[in-house]
Structures are given as C-alpha cells and as structure tokens.
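Chemist: See structure_29.pdb below, with PDB, C-alpha atoms.
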ATOM      1  CA  MET A  17     -18.682  57.360 -60.896
ATOM      2  CA  THR A  18     -21.362  56.426 -58.450
ATOM      3  CA  GLN A  19     -21.191  53.541 -56.027
ATOM      4  CA  SER A  20     -24.182  51.385 -55.420
ATOM      5  CA  LEU A  21     -25.008  50.584 -51.827
ATOM      6  CA  SER A  22     -25.424  46.839 -51.890
ATOM      7  CA  PRO A  23     -25.867  44.584 -48.876
ATOM      8  CA  PRO A  24     -22.703  42.946 -47.520
ATOM      9  CA  THR A  25     -21.549  39.871 -49.359
ATOM     10  CA  HIS A  26     -21.197  36.456 -47.741
ATOM     11  CA  ASN A  27     -17.428  36.993 -47.289
ATOM     12  CA  GLU A  28     -17.908  40.330 -45.523
ATOM     13  CA  ARG A  29     -20.371  38.758 -43.091
ATOM     14  CA  ASN A  30     -17.986  35.843 -42.474
ATOM     15  CA  ASN A  31     -15.132  38.209 -41.616
ATOM     16  CA  THR A  32     -17.278  39.907 -38.982
ATOM     17  CA  MET A  33     -18.352  36.591 -37.512
ATOM     18  CA  ASN A  34     -14.761  35.260 -37.511
ATOM     19  CA  PHE A  35     -13.621  38.288 -35.541
ATOM     20  CA  LYS A  36     -16.268  37.617 -32.910
ATOM     21  CA  ASN A  37     -15.423  33.911 -32.817
ATOM     22  CA  ASN A  38     -11.666  34.491 -32.474
ATOM     23  CA  VAL A  39     -11.570  36.602 -29.318
ATOM     24  CA  GLY A  40      -9.107  34.166 -27.759
ATOM     25  CA  MET A  41      -6.692  34.463 -30.647
ATOM     26  CA  LEU A  42      -7.038  38.245 -30.625
ATOM     27  CA  LEU A  43      -6.196  38.327 -26.906
ATOM     28  CA  LEU A  44      -3.295  35.945 -27.517
ATOM     29  CA  GLY A  45      -1.941  38.259 -30.190
ATOM     30  CA  ILE A  46      -2.232  41.266 -27.885
ATOM     31  CA  TRP A  47      -0.505  39.305 -25.110
ATOM     32  CA  LEU A  48       2.370  38.369 -27.413
ATOM     33  CA  ILE A  49       2.843  41.959 -28.564
ATOM     34  CA  VAL A  50       2.703  43.411 -25.037
ATOM     35  CA  SER A  51       5.083  40.758 -23.709
ATOM     36  CA  GLY A  52       7.536  41.316 -26.544
ATOM     37  CA  VAL A  53       7.492  45.093 -26.272
ATOM     38  CA  ALA A  54       7.912  44.917 -22.482
ATOM     39  CA  ALA A  55      10.945  42.643 -22.879
ATOM     40  CA  LEU A  56      12.570  44.693 -25.640
ATOM     41  CA  VAL A  57      11.839  48.232 -24.450
ATOM     42  CA  PRO A  58      12.616  48.679 -20.740
ATOM     43  CA  ALA A  59      11.123  52.196 -20.741
ATOM     44  CA  VAL A  60       7.660  50.678 -21.366
ATOM     45  CA  TYR A  61       7.777  48.559 -18.196
ATOM     46  CA  PHE A  62       5.729  49.741 -15.196
ATOM     47  CA  ASP A  63       4.670  48.090 -11.935
ATOM     48  CA  GLY A  64       1.255  46.839 -13.061
ATOM     49  CA  LEU A  65       2.444  45.448 -16.391
ATOM     50  CA  ARG A  66       3.017  41.932 -15.031
ATOM     51  CA  VAL A  67      -0.581  41.810 -13.776
ATOM     52  CA  ILE A  68      -1.946  43.018 -17.128
ATOM     53  CA  ILE A  69       0.115  40.415 -19.014
ATOM     54  CA  ALA A  70      -1.071  37.661 -16.660
ATOM     55  CA  ILE A  71      -4.735  38.683 -17.067
ATOM     56  CA  LEU A  72      -4.390  38.744 -20.867
ATOM     57  CA  ALA A  73      -2.824  35.275 -20.793
ATOM     58  CA  VAL A  74      -5.604  33.809 -18.642
ATOM     59  CA  LEU A  75      -8.369  35.402 -20.733
ATOM     60  CA  ALA A  76      -6.771  34.243 -23.981
ATOM     61  CA  GLY A  77      -6.482  30.696 -22.649
ATOM     62  CA  VAL A  78     -10.084  30.604 -21.454
ATOM     63  CA  PHE A  79     -11.488  31.933 -24.730
ATOM     64  CA  ILE A  80      -9.341  29.561 -26.792
ATOM     65  CA  LEU A  81     -10.504  26.597 -24.709
ATOM     66  CA  LEU A  82     -14.115  27.727 -25.120
ATOM     67  CA  ARG A  83     -13.447  28.195 -28.858
ATOM     68  CA  LYS A  84     -14.703  31.769 -28.843
TER      69      LYS A  84
END
Could I get this structure in the form of structure tokens?
Modeler:
Amino acid sequence: MTQSLSPPTHNERNNTMNFKNNVGMLLLGIWLIVSGVAALVPAVYFDGLRVIIAILAVLAGVFILLRK
C-alpha cells in the first residue's frame, strides 16, 4: 500500500491554529498539573517551585484575557 502525500485538510489546519490561539488554556493546564503534583508529591517540591507556579498563573491569566 502506498500513501499519497496530500495537503493538510481544513480540520488539520484548524487544529494547528487552535493550539496557537489557546496558549492561555495550555498554560492554565500546565499550572493545574504542576500545582496538583506539588501538593500531592512532597518529594517534587523545591524552593523555586512557588515562583514557577506564580509565573505560570500570571501568564495563563494574561493570555486568557487577551484571548490568545
């Protein structure tokens, strides 16, 4: 069987564009995961983790407000 190399369909292009337009939601998801893991697994916690979580939260909020 041979595969034909066709240009991306409309749905494939939309998925790429949605990823770029949802940076805020992506950052929010990362923030939720990091916060949850830090709370559940004490061995993961380190001194700079609070700063990283705070930066992720601020960036997620800004991008969501800008709708990016």
Chemist: How many Å separate CA of Asp63 in chain A from CA of Leu81 in chain A?
Modeler: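 If I compute the distance from CA of Asp63 in chain A to CA of Leu81 in chain A, I get 29.2 Å.
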Chemist: So which residues fall inside 6 Å of (-2.4, 35.5, -22.4) if we count all atoms listed in the file? Mind giving them as a list of chain:residue names?
Modeler: A:Leu44, A:Trp47, A:Leu72, A:Ala73, A:Val74, A:Ala76
Chemist: Write out as a list in words which residues come within 10 Å of range 64-66 of chain A when counting all atoms listed in the file, dropping same-chain ones fewer than 3 positions away.
Modeler: Val50, Ser51, Ala54, Val60, Tyr61, Ile69, Ala70, Ile71 and Leu72 of chain A
Chemist: Can you report as AutoDock Vina command-line options the centre and edge lengths in Å, to one decimal, of an axis-aligned box around the listed atoms of range 71-77 of chain A padded with 8 Å on each side?
Modeler:
--center_x -5.6 --center_y 34.7 --center_z -20.5 --size_x 21.5 --size_y 24.0 --size_z 22.9
Chemist: For the provided coordinates, the residues matched by the PyMOL selection byres ((chain A and resi 40) around 12) should be stated as a PyMOL selection string.
Modeler: chain A and resi 34-39+41-47+72-84
